[in-house]
$ cat data36.cif   # mmCIF, C-alpha atoms and all ligand atoms
data_work
#
loop_
_atom_site.group_PDB
_atom_site.id
_atom_site.type_symbol
_atom_site.label_atom_id
_atom_site.label_comp_id
_atom_site.auth_asym_id
_atom_site.auth_seq_id
_atom_site.Cartn_x
_atom_site.Cartn_y
_atom_site.Cartn_z
ATOM 1 C CA MET A 1 0.000 0.000 0.000
ATOM 2 C CA ALA A 2 1.286 3.500 -0.765
ATOM 3 C CA SER A 3 1.387 6.333 1.792
ATOM 4 C CA ASN A 4 -1.836 6.675 3.733
ATOM 5 C CA LYS A 5 -1.051 9.834 5.681
ATOM 6 C CA ILE A 6 -4.088 12.034 5.246
ATOM 7 C CA PRO A 7 -3.504 15.813 5.416
ATOM 8 C CA ILE A 8 -5.465 17.816 7.962
ATOM 9 C CA ILE A 9 -7.245 20.937 6.723
ATOM 10 C CA ALA A 10 -7.708 23.916 9.005
ATOM 11 C CA GLY A 11 -11.098 25.599 9.025
ATOM 12 C CA GLN A 12 -12.660 28.172 11.340
ATOM 13 C CA GLY A 13 -12.289 26.537 14.761
ATOM 14 C CA GLY A 14 -11.272 22.977 13.841
ATOM 15 C CA GLN A 15 -8.951 20.810 11.785
ATOM 16 C CA ILE A 16 -10.495 18.089 9.664
ATOM 17 C CA PRO A 17 -8.822 15.214 7.783
ATOM 18 C CA ALA A 18 -9.089 15.875 4.034
ATOM 19 C CA VAL A 19 -10.636 12.458 3.342
ATOM 20 C CA GLY A 20 -13.400 10.881 5.393
ATOM 21 C CA TYR A 21 -15.191 7.543 5.086
ATOM 22 C CA GLY A 22 -18.818 7.959 3.955
ATOM 23 C CA THR A 23 -21.254 5.584 5.670
ATOM 24 C CA MET A 24 -24.523 6.103 3.856
ATOM 25 C CA LEU A 25 -25.285 2.588 2.678
ATOM 26 C CA PHE A 26 -24.249 -0.830 3.968
ATOM 27 C CA PRO A 27 -25.781 -4.213 3.155
ATOM 28 C CA ASP A 28 -25.907 -5.326 6.829
ATOM 29 C CA ALA A 29 -24.687 -4.527 10.336
ATOM 30 C CA GLU A 30 -21.854 -7.038 10.363
ATOM 31 C CA SER A 31 -20.205 -5.839 7.179
ATOM 32 C CA ALA A 32 -20.789 -2.207 8.217
ATOM 33 C CA VAL A 33 -18.805 -2.610 11.447
ATOM 34 C CA GLU A 34 -16.105 -4.587 9.628
ATOM 35 C CA LEU A 35 -15.718 -1.992 6.891
ATOM 36 C CA ILE A 36 -15.685 1.009 9.241
ATOM 37 C CA THR A 37 -13.135 -0.846 11.373
ATOM 38 C CA HIS A 38 -11.071 -1.517 8.269
ATOM 39 C CA SER A 39 -11.194 2.153 7.333
ATOM 40 C CA LEU A 40 -9.770 3.070 10.768
ATOM 41 C CA ASN A 41 -7.130 0.348 10.545
ATOM 42 C CA CYS A 42 -5.900 1.573 7.172
ATOM 43 C CA GLY A 43 -5.611 5.200 8.261
ATOM 44 C CA TYR A 44 -8.959 7.002 8.010
ATOM 45 C CA ARG A 45 -9.504 9.368 10.932
ATOM 46 C CA HIS A 46 -12.723 10.975 9.718
ATOM 47 C CA ILE A 47 -16.122 9.261 9.483
ATOM 48 C CA ASP A 48 -19.179 10.841 7.883
ATOM 49 C CA THR A 49 -22.500 9.573 9.225
ATOM 50 C CA ALA A 50 -26.061 10.863 9.746
ATOM 51 C CA ARG A 51 -29.131 9.808 11.670
ATOM 52 C CA LYS A 52 -30.877 9.340 8.351
ATOM 53 C CA TYR A 53 -28.321 6.732 7.242
ATOM 54 C CA GLY A 54 -28.924 4.455 10.231
ATOM 55 C CA SER A 55 -25.160 3.941 10.420
ATOM 56 C CA GLU A 56 -24.435 5.777 13.687
ATOM 57 C CA LYS A 57 -24.648 2.598 15.771
ATOM 58 C CA TRP A 58 -22.139 0.821 13.531
ATOM 59 C CA VAL A 59 -19.790 3.785 13.575
ATOM 60 C CA GLY A 60 -20.059 3.785 17.378
ATOM 61 C CA GLU A 61 -19.363 0.064 17.613
ATOM 62 C CA ALA A 62 -16.376 0.242 15.261
ATOM 63 C CA ILE A 63 -14.861 3.128 17.229
ATOM 64 C CA ARG A 64 -15.540 1.517 20.616
ATOM 65 C CA THR A 65 -13.848 -1.725 19.646
ATOM 66 C CA ASN A 66 -10.891 -0.136 17.831
ATOM 67 C CA ARG A 67 -7.498 0.715 19.243
ATOM 68 C CA VAL A 68 -7.598 4.242 17.749
ATOM 69 C CA PRO A 69 -8.536 6.665 20.569
ATOM 70 C CA ARG A 70 -11.894 8.412 20.180
ATOM 71 C CA GLU A 71 -10.243 11.859 20.316
ATOM 72 C CA ASP A 72 -8.124 11.006 17.258
ATOM 73 C CA ILE A 73 -11.215 10.383 15.114
ATOM 74 C CA TRP A 74 -13.271 13.146 13.527
ATOM 75 C CA ILE A 75 -16.969 12.202 13.583
ATOM 76 C CA THR A 76 -19.503 14.143 11.534
ATOM 77 C CA THR A 77 -23.208 13.531 11.965
ATOM 78 C CA LYS A 78 -26.332 15.333 10.756
ATOM 79 C CA VAL A 79 -29.811 16.307 11.906
ATOM 80 C CA THR A 80 -32.493 15.657 9.292
ATOM 81 C CA GLU A 81 -34.892 18.307 8.044
ATOM 82 C CA GLU A 82 -37.767 16.509 9.837
ATOM 83 C CA ASN A 83 -36.138 17.618 13.100
ATOM 84 C CA ALA A 84 -35.570 21.270 12.219
ATOM 85 C CA ASN A 85 -37.556 22.825 15.066
ATOM 86 C CA ALA A 86 -35.595 23.540 18.242
ATOM 87 C CA ASP A 87 -37.015 20.782 20.472
ATOM 88 C CA ASP A 88 -36.827 18.034 17.860
ATOM 89 C CA PHE A 89 -33.339 19.175 16.911
ATOM 90 C CA ALA A 90 -32.076 18.888 20.494
ATOM 91 C CA ARG A 91 -33.701 15.454 20.846
ATOM 92 C CA SER A 92 -32.119 14.302 17.585
ATOM 93 C CA VAL A 93 -28.650 15.352 18.763
ATOM 94 C CA GLU A 94 -29.176 13.515 22.039
ATOM 95 C CA ILE A 95 -30.215 10.332 20.193
ATOM 96 C CA SER A 96 -27.262 10.604 17.790
ATOM 97 C CA LEU A 97 -24.766 10.891 20.654
ATOM 98 C CA LYS A 98 -26.357 7.978 22.464
ATOM 99 C CA THR A 99 -26.401 5.833 19.320
ATOM 100 C CA LEU A 100 -22.799 6.718 18.525
ATOM 101 C CA ASP A 101 -21.941 6.174 22.204
ATOM 102 C CA VAL A 102 -19.876 9.365 22.378
ATOM 103 C CA THR A 103 -20.146 12.545 24.445
ATOM 104 C CA TYR A 104 -19.573 14.893 21.508
ATOM 105 C CA VAL A 105 -19.261 14.898 17.747
ATOM 106 C CA ASP A 106 -16.598 16.854 15.930
ATOM 107 C CA LEU A 107 -19.044 18.277 13.422
ATOM 108 C CA LEU A 108 -22.816 18.556 13.491
ATOM 109 C CA LEU A 109 -24.627 19.505 10.280
ATOM 110 C CA ILE A 110 -28.135 20.575 9.329
ATOM 111 C CA HIS A 111 -28.629 17.785 6.756
ATOM 112 C CA TRP A 112 -31.026 19.626 4.415
ATOM 113 C CA PRO A 113 -32.700 23.043 4.553
ATOM 114 C CA GLN A 114 -36.255 23.023 5.932
ATOM 115 C CA PRO A 115 -38.417 25.769 4.390
ATOM 116 C CA ASN A 116 -41.260 25.199 6.895
ATOM 117 C CA VAL A 117 -39.234 26.102 9.987
ATOM 118 C CA PRO A 118 -37.549 29.515 10.369
ATOM 119 C CA LEU A 119 -33.844 29.023 9.658
ATOM 120 C CA GLU A 120 -33.048 31.169 12.690
ATOM 121 C CA GLU A 121 -34.711 28.600 14.959
ATOM 122 C CA THR A 122 -32.742 25.658 13.532
ATOM 123 C CA LEU A 123 -29.501 27.636 13.621
ATOM 124 C CA GLY A 124 -30.187 28.584 17.246
ATOM 125 C CA ALA A 125 -30.541 24.897 18.133
ATOM 126 C CA LEU A 126 -27.395 24.051 16.137
ATOM 127 C CA ALA A 127 -25.383 26.760 17.918
ATOM 128 C CA LYS A 128 -26.755 25.617 21.289
ATOM 129 C CA SER A 129 -25.365 22.112 20.648
ATOM 130 C CA LYS A 130 -21.977 23.678 20.178
ATOM 131 C CA ARG A 131 -22.218 25.865 23.279
ATOM 132 C CA GLU A 132 -23.227 22.834 25.327
ATOM 133 C CA GLY A 133 -20.147 20.964 24.106
ATOM 134 C CA LEU A 134 -22.135 18.347 22.194
ATOM 135 C CA ALA A 135 -20.568 19.411 18.888
ATOM 136 C CA LYS A 136 -17.093 20.885 18.509
ATOM 137 C CA ASN A 137 -17.964 22.417 15.134
ATOM 138 C CA ILE A 138 -21.219 23.103 13.349
ATOM 139 C CA GLY A 139 -22.257 23.426 9.739
ATOM 140 C CA VAL A 140 -24.840 22.988 7.031
ATOM 141 C CA SER A 141 -25.401 20.686 4.091
ATOM 142 C CA ASN A 142 -27.067 21.181 0.713
ATOM 143 C CA PHE A 143 -27.323 24.947 1.269
ATOM 144 C CA THR A 144 -27.504 27.236 -1.771
ATOM 145 C CA VAL A 145 -25.845 30.665 -1.929
ATOM 146 C CA SER A 146 -28.871 32.553 -0.574
ATOM 147 C CA LEU A 147 -29.462 30.008 2.209
ATOM 148 C CA LEU A 148 -25.795 30.105 3.136
ATOM 149 C CA ASP A 149 -25.718 33.923 3.225
ATOM 150 C CA GLU A 150 -28.786 33.845 5.468
ATOM 151 C CA ALA A 151 -27.237 31.187 7.719
ATOM 152 C CA ILE A 152 -24.001 33.150 8.090
ATOM 153 C CA ASN A 153 -26.017 36.237 9.087
ATOM 154 C CA LYS A 154 -28.241 34.446 11.556
ATOM 155 C CA CYS A 155 -26.067 31.769 13.143
ATOM 156 C CA PRO A 156 -24.769 32.826 16.570
ATOM 157 C CA GLU A 157 -21.671 30.587 16.159
ATOM 158 C CA PRO A 158 -19.238 30.285 13.212
ATOM 159 C CA ILE A 159 -20.167 27.802 10.500
ATOM 160 C CA PHE A 160 -17.370 25.375 9.641
ATOM 161 C CA THR A 161 -18.488 23.806 6.365
ATOM 162 C CA ASN A 162 -21.221 23.396 3.789
ATOM 163 C CA GLN A 163 -21.406 19.735 2.726
ATOM 164 C CA ILE A 164 -22.528 19.766 -0.900
ATOM 165 C CA GLU A 165 -22.542 17.604 -3.986
ATOM 166 C CA TYR A 166 -19.277 18.343 -5.729
ATOM 167 C CA HIS A 167 -17.319 16.223 -8.186
ATOM 168 C CA ALA A 168 -15.857 16.534 -11.683
ATOM 169 C CA TYR A 169 -19.258 16.183 -13.383
ATOM 170 C CA ILE A 170 -21.017 19.147 -11.746
ATOM 171 C CA ARG A 171 -20.406 22.877 -11.919
ATOM 172 C CA GLN A 172 -20.643 24.427 -8.463
ATOM 173 C CA ASN A 173 -18.793 27.722 -8.964
ATOM 174 C CA LYS A 174 -21.389 29.917 -7.284
ATOM 175 C CA ILE A 175 -21.710 27.957 -4.062
ATOM 176 C CA LEU A 176 -17.951 27.311 -3.886
ATOM 177 C CA THR A 177 -17.280 31.044 -4.214
ATOM 178 C CA ALA A 178 -19.842 31.777 -1.488
ATOM 179 C CA CYS A 179 -18.325 29.175 0.866
ATOM 180 C CA PHE A 180 -14.819 30.569 0.448
ATOM 181 C CA ARG A 181 -16.078 34.177 0.773
ATOM 182 C CA HIS A 182 -17.376 33.195 4.209
ATOM 183 C CA ASN A 183 -14.193 31.221 5.078
ATOM 184 C CA LEU A 184 -15.975 27.875 5.081
ATOM 185 C CA LEU A 185 -14.470 24.581 4.033
ATOM 186 C CA VAL A 186 -16.337 22.681 1.331
ATOM 187 C CA THR A 187 -17.070 19.029 2.079
ATOM 188 C CA CYS A 188 -17.907 17.063 -1.059
ATOM 189 C CA HIS A 189 -20.551 14.385 -0.806
ATOM 190 C CA VAL A 190 -20.874 11.869 -3.647
ATOM 191 C CA PRO A 191 -17.306 12.851 -4.690
ATOM 192 C CA LEU A 192 -17.277 9.997 -7.226
ATOM 193 C CA ALA A 193 -20.728 10.900 -8.576
ATOM 194 C CA ARG A 194 -21.694 7.438 -7.253
ATOM 195 C CA GLY A 195 -19.311 5.934 -9.776
ATOM 196 C CA ALA A 196 -20.691 7.796 -12.817
ATOM 197 C CA LEU A 197 -17.403 9.447 -13.686
ATOM 198 C CA LEU A 198 -15.195 6.396 -13.166
ATOM 199 C CA SER A 199 -15.500 5.266 -16.776
ATOM 200 C CA ASP A 200 -15.005 8.744 -18.207
ATOM 201 C CA PRO A 201 -12.394 8.562 -21.002
ATOM 202 C CA VAL A 202 -10.568 11.728 -19.888
ATOM 203 C CA ILE A 203 -10.272 10.506 -16.292
ATOM 204 C CA SER A 204 -9.278 7.013 -17.470
ATOM 205 C CA LYS A 205 -6.559 8.445 -19.714
ATOM 206 C CA ILE A 206 -5.143 10.569 -16.886
ATOM 207 C CA ALA A 207 -5.335 7.551 -14.561
ATOM 208 C CA LYS A 208 -3.170 5.571 -17.000
ATOM 209 C CA LEU A 209 -0.726 8.466 -17.323
ATOM 210 C CA TYR A 210 -0.278 8.685 -13.527
ATOM 211 C CA ASP A 211 -0.518 4.916 -12.959
ATOM 212 C CA ARG A 212 -3.486 5.438 -10.643
ATOM 213 C CA THR A 213 -7.117 4.358 -10.709
ATOM 214 C CA PRO A 214 -9.893 6.619 -12.058
ATOM 215 C CA ALA A 215 -11.295 6.976 -8.512
ATOM 216 C CA GLN A 216 -7.946 8.209 -7.226
ATOM 217 C CA ILE A 217 -7.732 10.773 -10.025
ATOM 218 C CA ALA A 218 -11.312 11.962 -9.443
ATOM 219 C CA LEU A 219 -10.693 12.355 -5.693
ATOM 220 C CA LYS A 220 -7.298 13.970 -6.203
ATOM 221 C CA TRP A 221 -8.834 16.593 -8.501
ATOM 222 C CA LEU A 222 -11.062 17.577 -5.560
ATOM 223 C CA VAL A 223 -8.573 17.538 -2.679
ATOM 224 C CA GLN A 224 -5.967 19.384 -4.717
ATOM 225 C CA GLN A 225 -8.323 22.377 -4.637
ATOM 226 C CA PRO A 226 -7.784 24.527 -1.515
ATOM 227 C CA GLY A 227 -10.335 24.152 1.292
ATOM 228 C CA VAL A 228 -11.919 21.000 -0.139
ATOM 229 C CA VAL A 229 -12.624 17.812 1.849
ATOM 230 C CA VAL A 230 -14.090 14.563 0.434
ATOM 231 C CA VAL A 231 -16.149 11.747 1.980
ATOM 232 C CA PRO A 232 -16.212 8.869 -0.527
ATOM 233 C CA ARG A 233 -18.065 5.680 0.362
ATOM 234 C CA ALA A 234 -16.791 2.250 -0.600
ATOM 235 C CA LEU A 235 -17.852 -1.263 0.312
ATOM 236 C CA GLU A 236 -14.910 -2.925 -1.381
ATOM 237 C CA VAL A 237 -11.863 -3.116 0.839
ATOM 238 C CA ARG A 238 -9.599 -2.385 -2.122
ATOM 239 C CA HIS A 239 -11.576 0.813 -2.821
ATOM 240 C CA ILE A 240 -11.434 1.931 0.816
ATOM 241 C CA GLU A 241 -7.656 1.638 0.720
ATOM 242 C CA GLU A 242 -7.276 3.279 -2.678
ATOM 243 C CA ASN A 243 -9.323 6.309 -1.745
ATOM 244 C CA ILE A 244 -6.878 7.568 0.876
ATOM 245 C CA ASN A 245 -3.742 6.760 -1.075
ATOM 246 C CA ILE A 246 -3.843 9.944 -3.085
ATOM 247 C CA PHE A 247 -1.384 12.160 -1.266
ATOM 248 C CA ASP A 248 1.893 10.994 -2.779
ATOM 249 C CA PHE A 249 1.360 12.606 -6.174
ATOM 250 C CA GLU A 250 0.093 15.899 -7.639
ATOM 251 C CA LEU A 251 -1.955 16.399 -10.776
ATOM 252 C CA GLY A 252 -0.388 18.813 -13.264
ATOM 253 C CA GLU A 253 -2.118 22.064 -14.218
ATOM 254 C CA LYS A 254 -2.960 20.592 -17.618
ATOM 255 C CA GLU A 255 -4.724 17.556 -16.144
ATOM 256 C CA MET A 256 -6.517 19.681 -13.502
ATOM 257 C CA GLY A 257 -7.831 21.810 -16.396
ATOM 258 C CA GLN A 258 -8.867 18.816 -18.500
ATOM 259 C CA ILE A 259 -10.862 17.376 -15.593
ATOM 260 C CA SER A 260 -12.444 20.780 -14.859
ATOM 261 C CA GLU A 261 -13.821 20.797 -18.397
ATOM 262 C CA LEU A 262 -15.893 17.711 -17.543
ATOM 263 C CA GLN A 263 -18.002 19.903 -15.253
ATOM 264 C CA SER A 264 -20.008 20.886 -18.327
ATOM 265 C CA ASN A 265 -21.765 17.492 -17.953
ATOM 266 C CA ASN A 266 -23.656 19.160 -15.105
ATOM 267 C CA LEU A 267 -24.810 15.894 -13.584
ATOM 268 C CA ARG A 268 -26.563 16.291 -10.233
ATOM 269 C CA VAL A 269 -26.737 12.872 -8.593
ATOM 270 C CA VAL A 270 -28.399 13.862 -5.301
ATOM 271 C CA ASN A 271 -31.621 15.706 -6.017
ATOM 272 C CA PRO A 272 -34.514 14.362 -3.908
ATOM 273 C CA PRO A 273 -37.581 16.352 -4.988
ATOM 274 C CA GLU A 274 -39.057 16.435 -1.479
ATOM 275 C CA ARG A 275 -35.925 17.930 0.079
ATOM 276 C CA SER A 276 -33.965 19.829 -2.555
ATOM 277 C CA PRO A 277 -33.940 23.624 -2.470
ATOM 278 C CA GLU A 278 -33.939 25.555 -5.739
ATOM 279 C CA TRP A 279 -30.317 24.964 -6.712
ATOM 280 C CA ASP A 280 -28.107 27.837 -7.866
ATOM 281 C CA LYS A 281 -28.106 28.106 -11.635
ATOM 282 C CA GLU A 282 -24.639 27.906 -13.171
HETATM 283 N N1 LIG A 301 -25.107 15.525 2.936
HETATM 284 C C1 LIG A 301 -25.812 14.829 2.079
HETATM 285 O O1 LIG A 301 -26.955 15.154 1.749
HETATM 286 C C2 LIG A 301 -25.208 13.603 1.467
HETATM 287 C C3 LIG A 301 -25.808 13.026 0.341
HETATM 288 C C4 LIG A 301 -25.217 11.890 -0.223
HETATM 289 C C5 LIG A 301 -24.061 11.368 0.330
HETATM 290 N N2 LIG A 301 -23.501 11.931 1.450
HETATM 291 C C6 LIG A 301 -22.244 11.392 2.052
HETATM 292 O O2 LIG A 301 -21.323 11.186 0.998
HETATM 293 C C7 LIG A 301 -20.835 9.841 1.048
HETATM 294 C C8 LIG A 301 -20.428 9.379 -0.326
HETATM 295 O O3 LIG A 301 -21.539 9.399 -1.222
HETATM 296 P P1 LIG A 301 -22.056 8.117 -2.020
HETATM 297 O O4 LIG A 301 -21.733 6.931 -1.244
HETATM 298 O O5 LIG A 301 -23.461 8.278 -2.322
HETATM 299 O O6 LIG A 301 -21.270 8.207 -3.404
HETATM 300 P P2 LIG A 301 -19.725 8.165 -3.883
HETATM 301 O O7 LIG A 301 -18.783 8.139 -2.733
HETATM 302 O O8 LIG A 301 -19.585 9.240 -4.899
HETATM 303 O O9 LIG A 301 -19.671 6.796 -4.678
HETATM 304 C C9 LIG A 301 -19.800 5.541 -4.075
HETATM 305 C C10 LIG A 301 -19.664 4.507 -5.175
HETATM 306 O O10 LIG A 301 -18.337 4.599 -5.726
HETATM 307 C C11 LIG A 301 -17.724 3.328 -5.687
HETATM 308 N N3 LIG A 301 -16.316 3.504 -5.340
HETATM 309 C C12 LIG A 301 -15.790 4.044 -4.236
HETATM 310 N N4 LIG A 301 -14.450 4.031 -4.275
HETATM 311 C C13 LIG A 301 -14.121 3.429 -5.441
HETATM 312 C C14 LIG A 301 -12.887 3.086 -6.052
HETATM 313 N N5 LIG A 301 -11.718 3.385 -5.467
HETATM 314 N N6 LIG A 301 -12.917 2.475 -7.271
HETATM 315 C C15 LIG A 301 -14.090 2.184 -7.883
HETATM 316 N N7 LIG A 301 -15.307 2.471 -7.344
HETATM 317 C C16 LIG A 301 -15.303 3.084 -6.135
HETATM 318 C C17 LIG A 301 -18.416 2.552 -4.598
HETATM 319 O O11 LIG A 301 -18.313 1.173 -4.913
HETATM 320 P P3 LIG A 301 -18.132 0.008 -3.804
HETATM 321 O O12 LIG A 301 -19.164 0.283 -2.754
HETATM 322 O O13 LIG A 301 -18.366 -1.230 -4.584
HETATM 323 O O14 LIG A 301 -16.743 0.072 -3.230
HETATM 324 C C18 LIG A 301 -19.841 3.090 -4.697
HETATM 325 O O15 LIG A 301 -20.555 2.395 -5.704
HETATM 326 C C19 LIG A 301 -22.021 9.068 1.664
HETATM 327 O O16 LIG A 301 -21.649 7.809 2.153
HETATM 328 C C20 LIG A 301 -22.433 10.038 2.744
HETATM 329 O O17 LIG A 301 -21.573 9.916 3.863
HETATM 330 C C21 LIG A 301 -24.054 13.052 2.005
#

$ encode --input "data36.cif" --output "structure tokens" --more "lines below"
Ligand SMILES: NC(=O)c1ccc[n+]([C@@H]2O[C@H](COP(=O)([O-])OP(=O)(O)OC[C@H]3O[C@@H](n4cnc5c(N)ncnc54)[C@H](OP(=O)(O)O)[C@@H]3O)[C@@H](O)[C@H]2O)c1
Amino acid sequence: MASNKIPIIAGQGGQIPAVGYGTMLFPDAESAVELITHSLNCGYRHIDTARKYGSEKWVGEAIRTNRVPREDIWITTKVTEENANADDFARSVEISLKTLDVTYVDLLLIHWPQPNVPLEETLGALAKSKREGLAKNIGVSNFTVSLLDEAINKCPEPIFTNQIEYHAYIRQNKILTACFRHNLLVTCHVPLARGALLSDPVISKIAKLYDRTPAQIALKWLVQQPGVVVVPRALEVRHIEENINIFDFELGEKEMGQISELQSNNLRVVNPPERSPEWDKE
């Protein structure tokens, strides 16, 4: 295996490993705990979970039974939009901590915007979790430019990140610019476009040139951009290992540019009609 030392990225208030293990979908409990454990054993120190995924208990079990100390692992979890009002939000955080079997998470996110509850109320509950020490850092997910501007104005505590869909097949210039204007890190969910870009001829050609896999090239294109963190998910052990072994090479300017051109595909993979806000038009 090549180097698996994952760089740490500094944001407002915290320092997050540039690659995390996404835990959205597992076939069963046993393989979930095994795979999360494997991710820790091969060097991951950042796990991305959510109450909605049902994976918090497996993340908790893997961490509890692993030799890596809890304080060395960055845990992100999320509160769903069904729990956006202050009381439900607080209850959801309590359940997440209990399920994870931890006293705090490193990052707590509003999973999706909720148009039926005033954003100020949800942000107040989010900030309260931080002030009570239940979350070291707080943030949002799937927020557009206008929602993010509003959140920055109304949140009583600094926002650490906006977790958004970002990969080589989608143009996200407007929201990226807004995140960086507010000094936020960008966390990319579905960084491999759920596999859609892995057979792309441009990415495959660059992969051959660098003697890497297409997934490694697609992830490297993201983490080589300043302030960008990725949380790929993989069920195959080989993929889990590959996805962190991307820090012993750099893509050239030419290849970075060639991959950027693929953004004209404008493929949005995560777009649930019942939850999605009106996305920024690029
Ligand atoms: N905030 C949000 O609303 C939100 C939404 C969606 C996702 N997320 C987060 O983002 C994480 C990642 O998203 P995702 O799982 O939907 O999509 P993804 O990471 O873009 O893609 C996962 C797919 O890529 C494949 N893959 C992974 N590494 C590979 C490699 N090295 N070579 C070849 N194929 C590889 C996986 O195959 P195998 O499983 O066969 O290895 C799987 O089919 C989630 O787990 C979750 O934590 C957040």

$ residues_around --input "data36.cif" --residues "Glu61 (chain A)" --least-positions-apart "3" --cutoff "8 Å" --atoms "all atoms listed in the file" --output "list in words"
Val33, Lys57, Trp58, Arg64, Thr65 and Leu100 of chain A

$ resolve_selection --input "data36.cif" --expression "the PyMOL selection byres (((chain A and resi 80) around 9) and not hetatm)" --output "list of chain:residue names"
A:Ala50, A:Arg51, A:Lys52, A:Lys78, A:Val79, A:Glu81, A:Glu82, A:Asn83, A:Ala84, A:Phe89, A:Ser92, A:Leu109, A:Ile110, A:His111, A:Trp112, A:Pro113, A:Gln114

$ closest_residue --input "data36.cif" --among "A:Gln224, A:Ser264, A:Thr76, A:Asn271" --to "Leu251 (chain A)" --atoms "only C-alpha atoms"
A:Gln224

$ resolve_selection --input "data36.cif" --expression "the PyMOL selection byres (((chain A and resi 98) around 12) and not hetatm)" --output "VMD selection string"
chain A and resid 51 56 to 57 59 to 61 91 to 97 99 to 105 134

$ residues_near_ligand --input "data36.cif" --ligand "ligand LIG 301 (chain A)" --cutoff "6 Å" --atoms "only C-alpha atoms and all ligand atoms" --output "PyMOL selection string"
chain A and resi 22-24+48-49+111+141+163+189-195+215+231-236+239+242-243

$ closest_residue --input "data36.cif" --among "A:Ile75, A:Ile259, A:Leu119, A:Leu176" --to "Ala151 (chain A)" --atoms "only C-alpha atoms"
A:Leu119

$ residues_around --input "data36.cif" --residues "Glu150 (chain A)" --least-positions-apart "4" --cutoff "9 Å" --atoms "all atoms listed in the file" --output "PyMOL selection string"
chain A and resi 119-120+145-146+154-155

$ residues_around --input "data36.cif" --residues "Leu148 (chain A)" --least-positions-apart "6" --cutoff "10 Å" --atoms "all atoms listed in the file" --output "number ranges by chain"
A: 113, 140-142, 154, 159, 162, 175, 178-179, 182

$ residues_around --input "data36.cif" --residues "Arg268 (chain A)" --least-positions-apart "5" --cutoff "9 Å" --atoms "all atoms listed in the file" --output "list in words"
Glu165, Tyr166, Tyr169, Ile170 and Ala193 of chain A

$ atom_distance --input "data36.cif" --atom1 "CA of Ala125 (chain A)" --atom2 "CA of Val228 (chain A)"
26.4 Å

$ resolve_selection --input "data36.cif" --expression "the PyMOL selection byres (((chain A and resi 138) around 7) and not hetatm)" --output "ChimeraX atom specification"
/A:107-109,126,130,135-137,139,159-160
